[in-house]
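Have a look at input.txt below; it lists compact mmCIF, N, CA and C atoms and all ligand atoms.
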```
# COMPACT_ATOMS: atom_id res chain seq x y z
N MET C 1 -11.09 -17.05 0.60
CA MET C 1 -11.51 -16.54 -0.71
C MET C 1 -10.34 -16.60 -1.68
N ARG C 2 -10.56 -17.19 -2.86
CA ARG C 2 -9.47 -17.31 -3.82
C ARG C 2 -9.53 -16.19 -4.84
N GLY C 3 -8.54 -16.22 -5.76
CA GLY C 3 -8.49 -15.16 -6.76
C GLY C 3 -7.42 -14.17 -6.40
N LYS C 4 -7.16 -13.30 -7.35
CA LYS C 4 -6.08 -12.35 -7.15
C LYS C 4 -6.49 -11.22 -6.23
N ALA C 5 -5.49 -10.61 -5.68
CA ALA C 5 -5.73 -9.57 -4.69
C ALA C 5 -6.15 -8.26 -5.33
N ASN C 6 -6.87 -7.50 -4.54
CA ASN C 6 -7.20 -6.12 -4.83
C ASN C 6 -6.08 -5.28 -4.25
N VAL C 7 -5.37 -4.55 -5.09
CA VAL C 7 -4.22 -3.78 -4.60
C VAL C 7 -4.45 -2.29 -4.82
N LEU C 8 -4.10 -1.50 -3.83
CA LEU C 8 -4.10 -0.05 -3.95
C LEU C 8 -2.65 0.43 -3.94
N VAL C 9 -2.26 1.16 -4.99
CA VAL C 9 -0.93 1.75 -5.07
C VAL C 9 -1.06 3.23 -4.72
N VAL C 10 -0.26 3.68 -3.76
CA VAL C 10 -0.30 5.09 -3.35
C VAL C 10 1.10 5.68 -3.53
N ASP C 11 1.23 6.63 -4.44
CA ASP C 11 2.53 7.27 -4.68
C ASP C 11 2.28 8.62 -5.32
N ASP C 12 3.02 9.65 -4.86
CA ASP C 12 2.81 10.99 -5.43
C ASP C 12 3.38 11.09 -6.84
N GLU C 13 4.21 10.13 -7.23
CA GLU C 13 4.74 10.15 -8.60
C GLU C 13 3.85 9.30 -9.51
N LEU C 14 3.21 9.99 -10.46
CA LEU C 14 2.29 9.29 -11.38
C LEU C 14 2.99 8.13 -12.09
N GLU C 15 4.24 8.38 -12.50
CA GLU C 15 5.00 7.36 -13.22
C GLU C 15 5.09 6.05 -12.41
N MET C 16 5.32 6.20 -11.12
CA MET C 16 5.41 5.02 -10.25
C MET C 16 4.06 4.32 -10.15
N CYS C 17 2.98 5.11 -10.04
CA CYS C 17 1.63 4.53 -10.00
C CYS C 17 1.36 3.71 -11.26
N LEU C 18 1.70 4.29 -12.40
CA LEU C 18 1.40 3.63 -13.67
C LEU C 18 2.25 2.39 -13.87
N THR C 19 3.53 2.51 -13.53
CA THR C 19 4.44 1.37 -13.68
C THR C 19 4.00 0.19 -12.81
N LEU C 20 3.71 0.48 -11.55
CA LEU C 20 3.29 -0.59 -10.64
C LEU C 20 1.95 -1.17 -11.06
N SER C 21 1.04 -0.31 -11.54
CA SER C 21 -0.25 -0.80 -12.01
C SER C 21 -0.06 -1.78 -13.17
N ASP C 22 0.79 -1.40 -14.12
CA ASP C 22 1.07 -2.27 -15.27
C ASP C 22 1.62 -3.62 -14.83
N ILE C 23 2.62 -3.57 -13.96
CA ILE C 23 3.30 -4.79 -13.52
C ILE C 23 2.32 -5.71 -12.78
N LEU C 24 1.53 -5.13 -11.90
CA LEU C 24 0.62 -5.94 -11.09
C LEU C 24 -0.56 -6.45 -11.91
N GLU C 25 -1.08 -5.59 -12.79
CA GLU C 25 -2.20 -6.03 -13.64
C GLU C 25 -1.77 -7.15 -14.57
N ALA C 26 -0.53 -7.09 -15.06
CA ALA C 26 -0.01 -8.15 -15.93
C ALA C 26 0.03 -9.48 -15.20
N ARG C 27 0.11 -9.43 -13.87
CA ARG C 27 0.10 -10.65 -13.07
C ARG C 27 -1.30 -10.98 -12.56
N GLY C 28 -2.29 -10.26 -13.01
CA GLY C 28 -3.67 -10.60 -12.70
C GLY C 28 -4.28 -9.90 -11.50
N TYR C 29 -3.54 -8.99 -10.92
CA TYR C 29 -4.11 -8.26 -9.78
C TYR C 29 -5.08 -7.20 -10.27
N ARG C 30 -6.02 -6.86 -9.41
CA ARG C 30 -6.88 -5.70 -9.67
C ARG C 30 -6.22 -4.52 -8.97
N VAL C 31 -5.93 -3.50 -9.73
CA VAL C 31 -5.15 -2.38 -9.17
C VAL C 31 -5.89 -1.06 -9.28
N THR C 32 -5.84 -0.31 -8.20
CA THR C 32 -6.32 1.07 -8.17
C THR C 32 -5.14 1.90 -7.71
N TYR C 33 -5.01 3.13 -8.18
CA TYR C 33 -3.93 3.93 -7.62
C TYR C 33 -4.43 5.29 -7.16
N ALA C 34 -3.67 5.86 -6.25
CA ALA C 34 -3.98 7.18 -5.70
C ALA C 34 -2.68 7.96 -5.60
N GLN C 35 -2.75 9.26 -5.89
CA GLN C 35 -1.53 10.06 -5.91
C GLN C 35 -1.30 10.88 -4.64
N ASP C 36 -2.21 10.75 -3.70
CA ASP C 36 -1.94 11.36 -2.39
C ASP C 36 -2.75 10.63 -1.33
N GLY C 37 -2.44 10.96 -0.08
CA GLY C 37 -3.05 10.25 1.02
C GLY C 37 -4.56 10.43 1.10
N PHE C 38 -5.03 11.61 0.76
CA PHE C 38 -6.47 11.87 0.84
C PHE C 38 -7.24 11.02 -0.16
N GLN C 39 -6.70 10.97 -1.38
CA GLN C 39 -7.30 10.10 -2.41
C GLN C 39 -7.28 8.64 -1.95
N ALA C 40 -6.18 8.25 -1.35
CA ALA C 40 -6.03 6.86 -0.91
C ALA C 40 -7.11 6.49 0.10
N ILE C 41 -7.35 7.38 1.06
CA ILE C 41 -8.37 7.12 2.07
C ILE C 41 -9.76 7.05 1.42
N ALA C 42 -10.00 7.96 0.47
CA ALA C 42 -11.29 7.96 -0.23
C ALA C 42 -11.49 6.64 -0.97
N ARG C 43 -10.44 6.15 -1.64
CA ARG C 43 -10.56 4.88 -2.36
C ARG C 43 -10.82 3.73 -1.38
N ALA C 44 -10.13 3.79 -0.23
CA ALA C 44 -10.26 2.71 0.75
C ALA C 44 -11.66 2.68 1.39
N ARG C 45 -12.36 3.81 1.35
CA ARG C 45 -13.73 3.81 1.85
C ARG C 45 -14.68 3.11 0.87
N GLU C 46 -14.26 3.08 -0.40
CA GLU C 46 -15.11 2.48 -1.45
C GLU C 46 -14.83 0.99 -1.63
N THR C 47 -13.59 0.60 -1.43
CA THR C 47 -13.16 -0.77 -1.75
C THR C 47 -12.30 -1.31 -0.60
N ALA C 48 -12.52 -2.59 -0.26
CA ALA C 48 -11.68 -3.22 0.76
C ALA C 48 -10.46 -3.81 0.07
N PHE C 49 -9.35 -3.11 0.13
CA PHE C 49 -8.13 -3.60 -0.53
C PHE C 49 -7.44 -4.64 0.33
N ASP C 50 -6.95 -5.69 -0.33
CA ASP C 50 -6.19 -6.71 0.39
C ASP C 50 -4.82 -6.16 0.76
N VAL C 51 -4.22 -5.50 -0.22
CA VAL C 51 -2.85 -5.02 -0.04
C VAL C 51 -2.75 -3.57 -0.51
N VAL C 52 -2.03 -2.77 0.25
CA VAL C 52 -1.79 -1.38 -0.12
C VAL C 52 -0.28 -1.17 -0.21
N LEU C 53 0.19 -0.66 -1.34
CA LEU C 53 1.60 -0.30 -1.51
C LEU C 53 1.69 1.20 -1.30
N MET C 54 2.39 1.61 -0.25
CA MET C 54 2.33 2.98 0.22
C MET C 54 3.68 3.67 0.18
N ASP C 55 3.79 4.68 -0.69
CA ASP C 55 4.99 5.52 -0.69
C ASP C 55 5.07 6.26 0.63
N VAL C 56 6.28 6.42 1.15
CA VAL C 56 6.44 7.12 2.43
C VAL C 56 6.50 8.63 2.23
N ARG C 57 7.31 9.05 1.26
CA ARG C 57 7.52 10.48 1.06
C ARG C 57 6.48 11.05 0.10
N MET C 58 5.51 11.73 0.66
CA MET C 58 4.48 12.39 -0.15
C MET C 58 4.20 13.74 0.49
N PRO C 59 3.92 14.76 -0.33
CA PRO C 59 3.61 16.07 0.23
C PRO C 59 2.26 16.04 0.96
N GLU C 60 2.07 16.99 1.84
CA GLU C 60 0.83 17.15 2.61
C GLU C 60 0.62 16.04 3.64
N MET C 61 0.21 14.86 3.20
CA MET C 61 0.08 13.77 4.16
C MET C 61 1.07 12.67 3.76
N ASP C 62 2.05 12.40 4.62
CA ASP C 62 3.04 11.38 4.26
C ASP C 62 2.45 9.97 4.38
N GLY C 63 3.21 8.99 3.91
CA GLY C 63 2.71 7.63 3.84
C GLY C 63 2.41 7.02 5.20
N VAL C 64 3.14 7.41 6.21
CA VAL C 64 2.92 6.84 7.54
C VAL C 64 1.61 7.39 8.13
N GLU C 65 1.38 8.68 7.96
CA GLU C 65 0.12 9.26 8.43
C GLU C 65 -1.06 8.67 7.64
N THR C 66 -0.87 8.51 6.34
CA THR C 66 -1.92 7.89 5.53
C THR C 66 -2.20 6.47 6.00
N PHE C 67 -1.13 5.73 6.30
CA PHE C 67 -1.25 4.37 6.83
C PHE C 67 -2.09 4.36 8.11
N ARG C 68 -1.81 5.30 9.00
CA ARG C 68 -2.56 5.35 10.27
C ARG C 68 -4.05 5.56 10.02
N ARG C 69 -4.37 6.46 9.13
CA ARG C 69 -5.80 6.73 8.85
C ARG C 69 -6.44 5.55 8.13
N LEU C 70 -5.66 4.95 7.25
CA LEU C 70 -6.17 3.82 6.48
C LEU C 70 -6.51 2.63 7.39
N LYS C 71 -5.70 2.45 8.41
CA LYS C 71 -5.95 1.36 9.36
C LYS C 71 -7.33 1.47 9.98
N GLU C 72 -7.78 2.70 10.21
CA GLU C 72 -9.09 2.89 10.82
C GLU C 72 -10.21 2.62 9.83
N VAL C 73 -9.98 3.03 8.58
CA VAL C 73 -11.00 2.84 7.54
C VAL C 73 -11.07 1.40 7.10
N SER C 74 -9.91 0.75 7.00
CA SER C 74 -9.81 -0.57 6.42
C SER C 74 -8.81 -1.43 7.18
N PRO C 75 -9.20 -1.87 8.39
CA PRO C 75 -8.25 -2.59 9.25
C PRO C 75 -7.77 -3.93 8.68
N GLY C 76 -8.48 -4.47 7.69
CA GLY C 76 -8.07 -5.76 7.13
C GLY C 76 -7.00 -5.65 6.05
N SER C 77 -6.71 -4.44 5.59
CA SER C 77 -5.72 -4.27 4.53
C SER C 77 -4.31 -4.45 5.10
N ARG C 78 -3.44 -5.08 4.30
CA ARG C 78 -2.04 -5.19 4.68
C ARG C 78 -1.28 -4.12 3.93
N VAL C 79 -0.49 -3.35 4.65
CA VAL C 79 0.17 -2.20 4.04
C VAL C 79 1.68 -2.42 3.95
N VAL C 80 2.20 -2.29 2.74
CA VAL C 80 3.64 -2.40 2.50
C VAL C 80 4.16 -0.99 2.19
N MET C 81 5.11 -0.53 2.98
CA MET C 81 5.66 0.80 2.79
C MET C 81 6.76 0.77 1.73
N MET C 82 6.83 1.83 0.92
CA MET C 82 7.86 1.94 -0.12
C MET C 82 8.68 3.19 0.14
N THR C 83 9.99 3.02 0.20
CA THR C 83 10.83 4.19 0.45
C THR C 83 12.18 4.08 -0.24
N ALA C 84 12.76 5.22 -0.53
CA ALA C 84 14.09 5.26 -1.12
C ALA C 84 15.16 5.36 -0.05
N TYR C 85 14.73 5.54 1.20
CA TYR C 85 15.69 5.81 2.26
C TYR C 85 15.87 4.60 3.15
N ALA C 86 17.10 4.13 3.25
CA ALA C 86 17.38 2.90 3.98
C ALA C 86 17.12 3.06 5.48
N VAL C 87 17.45 4.21 6.00
CA VAL C 87 17.24 4.43 7.42
C VAL C 87 16.23 5.55 7.57
N GLU C 88 15.12 5.22 8.15
CA GLU C 88 14.07 6.22 8.23
C GLU C 88 13.24 5.95 9.48
N ASP C 89 13.20 6.93 10.36
CA ASP C 89 12.44 6.76 11.60
C ASP C 89 10.97 6.48 11.32
N LEU C 90 10.47 7.13 10.24
CA LEU C 90 9.06 6.94 9.89
C LEU C 90 8.75 5.47 9.64
N ILE C 91 9.70 4.77 9.01
CA ILE C 91 9.51 3.36 8.70
C ILE C 91 9.40 2.54 9.98
N ALA C 92 10.29 2.84 10.91
CA ALA C 92 10.26 2.13 12.20
C ALA C 92 8.92 2.33 12.88
N ASP C 93 8.40 3.56 12.84
CA ASP C 93 7.09 3.84 13.43
C ASP C 93 6.01 3.01 12.76
N ALA C 94 6.04 3.00 11.43
CA ALA C 94 5.00 2.28 10.68
C ALA C 94 5.02 0.79 10.99
N LEU C 95 6.21 0.22 11.07
CA LEU C 95 6.31 -1.22 11.35
C LEU C 95 5.82 -1.52 12.76
N ARG C 96 6.18 -0.65 13.69
CA ARG C 96 5.73 -0.85 15.07
C ARG C 96 4.21 -0.77 15.16
N GLU C 97 3.64 0.04 14.29
CA GLU C 97 2.19 0.22 14.32
C GLU C 97 1.45 -0.74 13.40
N GLY C 98 2.16 -1.72 12.86
CA GLY C 98 1.47 -2.78 12.15
C GLY C 98 1.59 -2.81 10.64
N ALA C 99 2.45 -1.98 10.07
CA ALA C 99 2.67 -2.10 8.62
C ALA C 99 3.24 -3.49 8.34
N TYR C 100 2.88 -4.05 7.21
CA TYR C 100 3.25 -5.44 6.92
C TYR C 100 4.72 -5.59 6.55
N GLY C 101 5.26 -4.62 5.83
CA GLY C 101 6.65 -4.74 5.42
C GLY C 101 7.12 -3.48 4.73
N VAL C 102 8.36 -3.52 4.29
CA VAL C 102 8.98 -2.38 3.62
C VAL C 102 9.68 -2.87 2.36
N VAL C 103 9.56 -2.10 1.28
CA VAL C 103 10.40 -2.34 0.11
C VAL C 103 11.12 -1.03 -0.21
N TYR C 104 12.34 -1.19 -0.68
CA TYR C 104 13.15 -0.01 -0.95
C TYR C 104 13.19 0.30 -2.44
N LYS C 105 13.17 1.59 -2.73
CA LYS C 105 13.29 2.06 -4.10
C LYS C 105 14.77 2.27 -4.40
N PRO C 106 15.27 2.01 -5.60
CA PRO C 106 14.50 1.46 -6.72
C PRO C 106 13.99 0.05 -6.40
N LEU C 107 12.76 -0.22 -6.82
CA LEU C 107 12.08 -1.43 -6.41
C LEU C 107 12.66 -2.68 -7.08
N ASP C 108 12.82 -3.72 -6.28
CA ASP C 108 13.13 -5.05 -6.79
C ASP C 108 11.76 -5.71 -7.01
N ILE C 109 11.36 -5.81 -8.28
CA ILE C 109 9.99 -6.21 -8.59
C ILE C 109 9.67 -7.62 -8.09
N ASP C 110 10.63 -8.54 -8.20
CA ASP C 110 10.37 -9.90 -7.72
C ASP C 110 10.10 -9.91 -6.22
N ARG C 111 10.91 -9.14 -5.51
CA ARG C 111 10.74 -9.05 -4.05
C ARG C 111 9.39 -8.40 -3.72
N LEU C 112 9.03 -7.40 -4.51
CA LEU C 112 7.76 -6.71 -4.29
C LEU C 112 6.59 -7.69 -4.48
N ILE C 113 6.64 -8.45 -5.56
CA ILE C 113 5.57 -9.41 -5.84
C ILE C 113 5.48 -10.47 -4.72
N GLU C 114 6.63 -10.94 -4.27
CA GLU C 114 6.65 -11.90 -3.16
C GLU C 114 5.95 -11.33 -1.93
N LEU C 115 6.26 -10.08 -1.66
CA LEU C 115 5.69 -9.43 -0.48
C LEU C 115 4.18 -9.22 -0.66
N VAL C 116 3.77 -8.86 -1.86
CA VAL C 116 2.34 -8.69 -2.13
C VAL C 116 1.60 -10.01 -1.94
N GLU C 117 2.21 -11.10 -2.45
CA GLU C 117 1.61 -12.43 -2.29
C GLU C 117 1.48 -12.81 -0.82
N ALA C 118 2.56 -12.58 -0.09
CA ALA C 118 2.55 -12.93 1.33
C ALA C 118 1.54 -12.06 2.08
N ALA C 119 1.52 -10.78 1.76
CA ALA C 119 0.59 -9.87 2.42
C ALA C 119 -0.84 -10.27 2.12
N LYS C 120 -1.08 -10.68 0.89
CA LYS C 120 -2.43 -11.08 0.50
C LYS C 120 -2.88 -12.30 1.30
N ARG C 121 -1.96 -13.24 1.49
CA ARG C 121 -2.32 -14.43 2.26
C ARG C 121 -2.69 -14.07 3.69
N HIS C 122 -2.10 -13.00 4.17
CA HIS C 122 -2.37 -12.60 5.55
C HIS C 122 -3.46 -11.55 5.68
N ALA C 123 -3.99 -11.13 4.55
CA ALA C 123 -5.03 -10.10 4.61
C ALA C 123 -6.29 -10.71 5.23
N ARG C 124 -6.87 -9.94 6.08
CA ARG C 124 -8.15 -10.39 6.66
C ARG C 124 -9.24 -9.59 5.98
N ARG C 125 -10.24 -10.29 5.55
CA ARG C 125 -11.37 -9.58 4.95
C ARG C 125 -12.35 -9.28 6.06
N LEU C 126 -12.27 -8.09 6.57
CA LEU C 126 -13.14 -7.71 7.65
C LEU C 126 -14.31 -6.91 7.11
N VAL C 127 -15.41 -7.01 7.79
CA VAL C 127 -16.53 -6.17 7.43
C VAL C 127 -16.25 -4.78 7.96
N ARG C 128 -16.30 -3.83 7.09
CA ARG C 128 -16.03 -2.46 7.54
C ARG C 128 -17.28 -1.87 8.16
N THR C 129 -17.08 -0.96 9.06
CA THR C 129 -18.21 -0.39 9.78
C THR C 129 -18.86 0.74 9.01
N ARG C 130 -18.18 1.20 7.98
CA ARG C 130 -18.79 2.24 7.15
C ARG C 130 -18.13 2.25 5.80
MG MG R 201 7.17 10.13 -3.04
```
Any chance you could put this one into structure tokens?
Amino acid sequence: MRGKANVLVVDDELEMCLTLSDILEARGYRVTYAQDGFQAIARARETAFDVVLMDVRMPEMDGVETFRRLKEVSPGSRVVMMTAYAVEDLIADALREGAYGVVYKPLDIDRLIELVEAAKRHARRLVRTR
């Protein structure tokens, strides 16, 4: 299937959600954002996202836990973790459990776009069971 990817941005900082939405929409992506893990899961039940950009540090449900739940709801989505911390056990867990990649904050936008493109190419459009 051709065309731009459907991207979900998940970050507890609204500013980051808006900035990434602007950048990605300017490049033709369809972007939805969520400010916590619960919202993210709810959005993923409505839409099959090709790529999810997931902040790691979020209150209540962190990005790795959100990633785990999202995998069940939307196994075809490729998830890229975003973190400000270079060494983080949570990141290692997420990668071992199938996260597509990691980008570090402050974000290198070119690198982020490259990763989104690569993740999109590897996204599987699976039929969801619910
Ligand atoms: Mg955060």
**Report entry** Residue contacts of range 115-118 of chain C (8 Å, only N, CA and C atoms) excluding same-chain residues fewer than 6 positions away, as an MDAnalysis selection string
**Finding:** chainID C and resid 5 50:52 80 101 109
Query raised in the report: For the atom pair CA of Gly37 in chain C and CA of Phe67 in chain C, what is the interatomic distance in Å to one decimal place?
Result: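 Between CA of Gly37 in chain C and CA of Phe67 in chain C the gap is 8.5 Å.
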Report task. One decimal, Å: what's the distance from atom C of Lys71 in chain C over to CA of Phe49 in chain C, could you say? Result -> 11.7 Å
How would you report the residues lying within 5 Å of ligand MG 201 (chain R), as a compact mmCIF listing (two decimals) with N, CA and C atoms, in the frame of the given file, if you count all atoms listed in the file?
```txt
# COMPACT_ATOMS: atom_id res chain seq x y z
N ASP C 12 3.02 9.65 -4.86
CA ASP C 12 2.81 10.99 -5.43
C ASP C 12 3.38 11.09 -6.84
N ARG C 57 7.31 9.05 1.26
CA ARG C 57 7.52 10.48 1.06
C ARG C 57 6.48 11.05 0.10
N MET C 58 5.51 11.73 0.66
CA MET C 58 4.48 12.39 -0.15
C MET C 58 4.20 13.74 0.49
```
Report task. Identify which of the residues C:Ala26, C:Glu65, C:Asp89, C:Ala84 lies closest to Lys105 in chain C, counting only N, CA and C atoms when measuring atom-to-atom distances. Result -> C:Ala84
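From CA of Val7 in chain C back to CA of Asp108 in chain C, the distance works out to 17.5 Å.
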Query - Contact residues around Gln35 in chain C with all atoms listed in the file at 6 Å, ignoring same-chain residues under 5 positions, as a VMD selection string - result: chain C and resid 10 to 13 40
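With only N, CA and C atoms as the atoms that count, the minimum distance from Ser74 in chain C to the choices C:Ala42, C:Ala48, C:Ile23, C:Ala34 is reached by C:Ala48.
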Report summary line: Using only C-alpha atoms, the residue out of C:Arg43, C:Gly76, C:Asp36, C:Val102 with shortest distance to Glu60 in chain C is C:Asp36
Query raised in the report: Using all atoms listed in the file, which residue out of C:Ala119, C:Ile113, C:Ala44, C:Val79 lies closest to Tyr100 in chain C?
Result: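 So, comparing all the options, the nearest one is C:Val79.
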Query raised in the report: Counting only C-alpha atoms, what is within 10 Å of Ile91 in chain C, bar same-chain residues fewer than 3 positions away, as a list in words?
Result: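 Once the nearby chain positions are removed, what remains is Val56, Gly63, Val64, Met81, Met82, Thr83, Tyr85, Ala86, Val87, Glu88, Ala94, Leu95, Arg96, Glu97, Ala99, Gly101 and Val102 of chain C.
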Write a file of the just-selected residues containing N, CA and C atoms, as a PDB file, in the frame of the given file.
```
ATOM      1  N   VAL C  56       6.280   6.420   1.150  1.00  0.00           N
ATOM      2  CA  VAL C  56       6.440   7.120   2.430  1.00  0.00           C
ATOM      3  C   VAL C  56       6.500   8.630   2.230  1.00  0.00           C
ATOM      4  N   GLY C  63       3.210   8.990   3.910  1.00  0.00           N
ATOM      5  CA  GLY C  63       2.710   7.630   3.840  1.00  0.00           C
ATOM      6  C   GLY C  63       2.410   7.020   5.200  1.00  0.00           C
ATOM      7  N   VAL C  64       3.140   7.410   6.210  1.00  0.00           N
ATOM      8  CA  VAL C  64       2.920   6.840   7.540  1.00  0.00           C
ATOM      9  C   VAL C  64       1.610   7.390   8.130  1.00  0.00           C
ATOM     10  N   MET C  81       5.110  -0.530   2.980  1.00  0.00           N
ATOM     11  CA  MET C  81       5.660   0.800   2.790  1.00  0.00           C
ATOM     12  C   MET C  81       6.760   0.770   1.730  1.00  0.00           C
ATOM     13  N   MET C  82       6.830   1.830   0.920  1.00  0.00           N
ATOM     14  CA  MET C  82       7.860   1.940  -0.120  1.00  0.00           C
ATOM     15  C   MET C  82       8.680   3.190   0.140  1.00  0.00           C
ATOM     16  N   THR C  83       9.990   3.020   0.200  1.00  0.00           N
ATOM     17  CA  THR C  83      10.830   4.190   0.450  1.00  0.00           C
ATOM     18  C   THR C  83      12.180   4.080  -0.240  1.00  0.00           C
ATOM     19  N   TYR C  85      14.730   5.540   1.200  1.00  0.00           N
ATOM     20  CA  TYR C  85      15.690   5.810   2.260  1.00  0.00           C
ATOM     21  C   TYR C  85      15.870   4.600   3.150  1.00  0.00           C
ATOM     22  N   ALA C  86      17.100   4.130   3.250  1.00  0.00           N
ATOM     23  CA  ALA C  86      17.380   2.900   3.980  1.00  0.00           C
ATOM     24  C   ALA C  86      17.120   3.060   5.480  1.00  0.00           C
ATOM     25  N   VAL C  87      17.450   4.210   6.000  1.00  0.00           N
ATOM     26  CA  VAL C  87      17.240   4.430   7.420  1.00  0.00           C
ATOM     27  C   VAL C  87      16.230   5.550   7.570  1.00  0.00           C
ATOM     28  N   GLU C  88      15.120   5.220   8.150  1.00  0.00           N
ATOM     29  CA  GLU C  88      14.070   6.220   8.230  1.00  0.00           C
ATOM     30  C   GLU C  88      13.240   5.950   9.480  1.00  0.00           C
ATOM     31  N   ALA C  94       6.040   3.000  11.430  1.00  0.00           N
ATOM     32  CA  ALA C  94       5.000   2.280  10.680  1.00  0.00           C
ATOM     33  C   ALA C  94       5.020   0.790  10.990  1.00  0.00           C
ATOM     34  N   LEU C  95       6.210   0.220  11.070  1.00  0.00           N
ATOM     35  CA  LEU C  95       6.310  -1.220  11.350  1.00  0.00           C
ATOM     36  C   LEU C  95       5.820  -1.520  12.760  1.00  0.00           C
ATOM     37  N   ARG C  96       6.180  -0.650  13.690  1.00  0.00           N
ATOM     38  CA  ARG C  96       5.730  -0.850  15.070  1.00  0.00           C
ATOM     39  C   ARG C  96       4.210  -0.770  15.160  1.00  0.00           C
ATOM     40  N   GLU C  97       3.640   0.040  14.290  1.00  0.00           N
ATOM     41  CA  GLU C  97       2.190   0.220  14.320  1.00  0.00           C
ATOM     42  C   GLU C  97       1.450  -0.740  13.400  1.00  0.00           C
ATOM     43  N   ALA C  99       2.450  -1.980  10.070  1.00  0.00           N
ATOM     44  CA  ALA C  99       2.670  -2.100   8.620  1.00  0.00           C
ATOM     45  C   ALA C  99       3.240  -3.490   8.340  1.00  0.00           C
ATOM     46  N   GLY C 101       5.260  -4.620   5.830  1.00  0.00           N
ATOM     47  CA  GLY C 101       6.650  -4.740   5.420  1.00  0.00           C
ATOM     48  C   GLY C 101       7.120  -3.480   4.730  1.00  0.00           C
ATOM     49  N   VAL C 102       8.360  -3.520   4.290  1.00  0.00           N
ATOM     50  CA  VAL C 102       8.980  -2.380   3.620  1.00  0.00           C
ATOM     51  C   VAL C 102       9.680  -2.870   2.360  1.00  0.00           C
TER      52      VAL C 102
END
```
Requested in this report: Enumerate, as a PyMOL selection string, the complete set of residues in chain C that a backbone-based DSSP assignment places in strand (DSSP E or B).
Outcome: chain C and resi 6-10+30-34+51-55+78-83+101-104
**Report entry** Residues within 7 Å of Ser21 in chain C, all atoms listed in the file, excluding chain neighbours under 4 positions, as a list in words
**Finding:**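 So, after excluding close chain neighbours, the residues are Met16, Cys17, Glu25, Ala26, Val31 and Thr32 of chain C.
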Query raised in the report: Closest to Val73 in chain C among C:Asp93, C:Glu15, C:Arg45, C:Leu112, using only N, CA and C atoms?
Result: C:Arg45
Report task. Could you pull out the residues in chain C that DSSP calls alpha helix (DSSP H) from the backbone, as a PyMOL selection string? Result -> chain C and resi 14-26+37-46+63-73+89-96+109-122
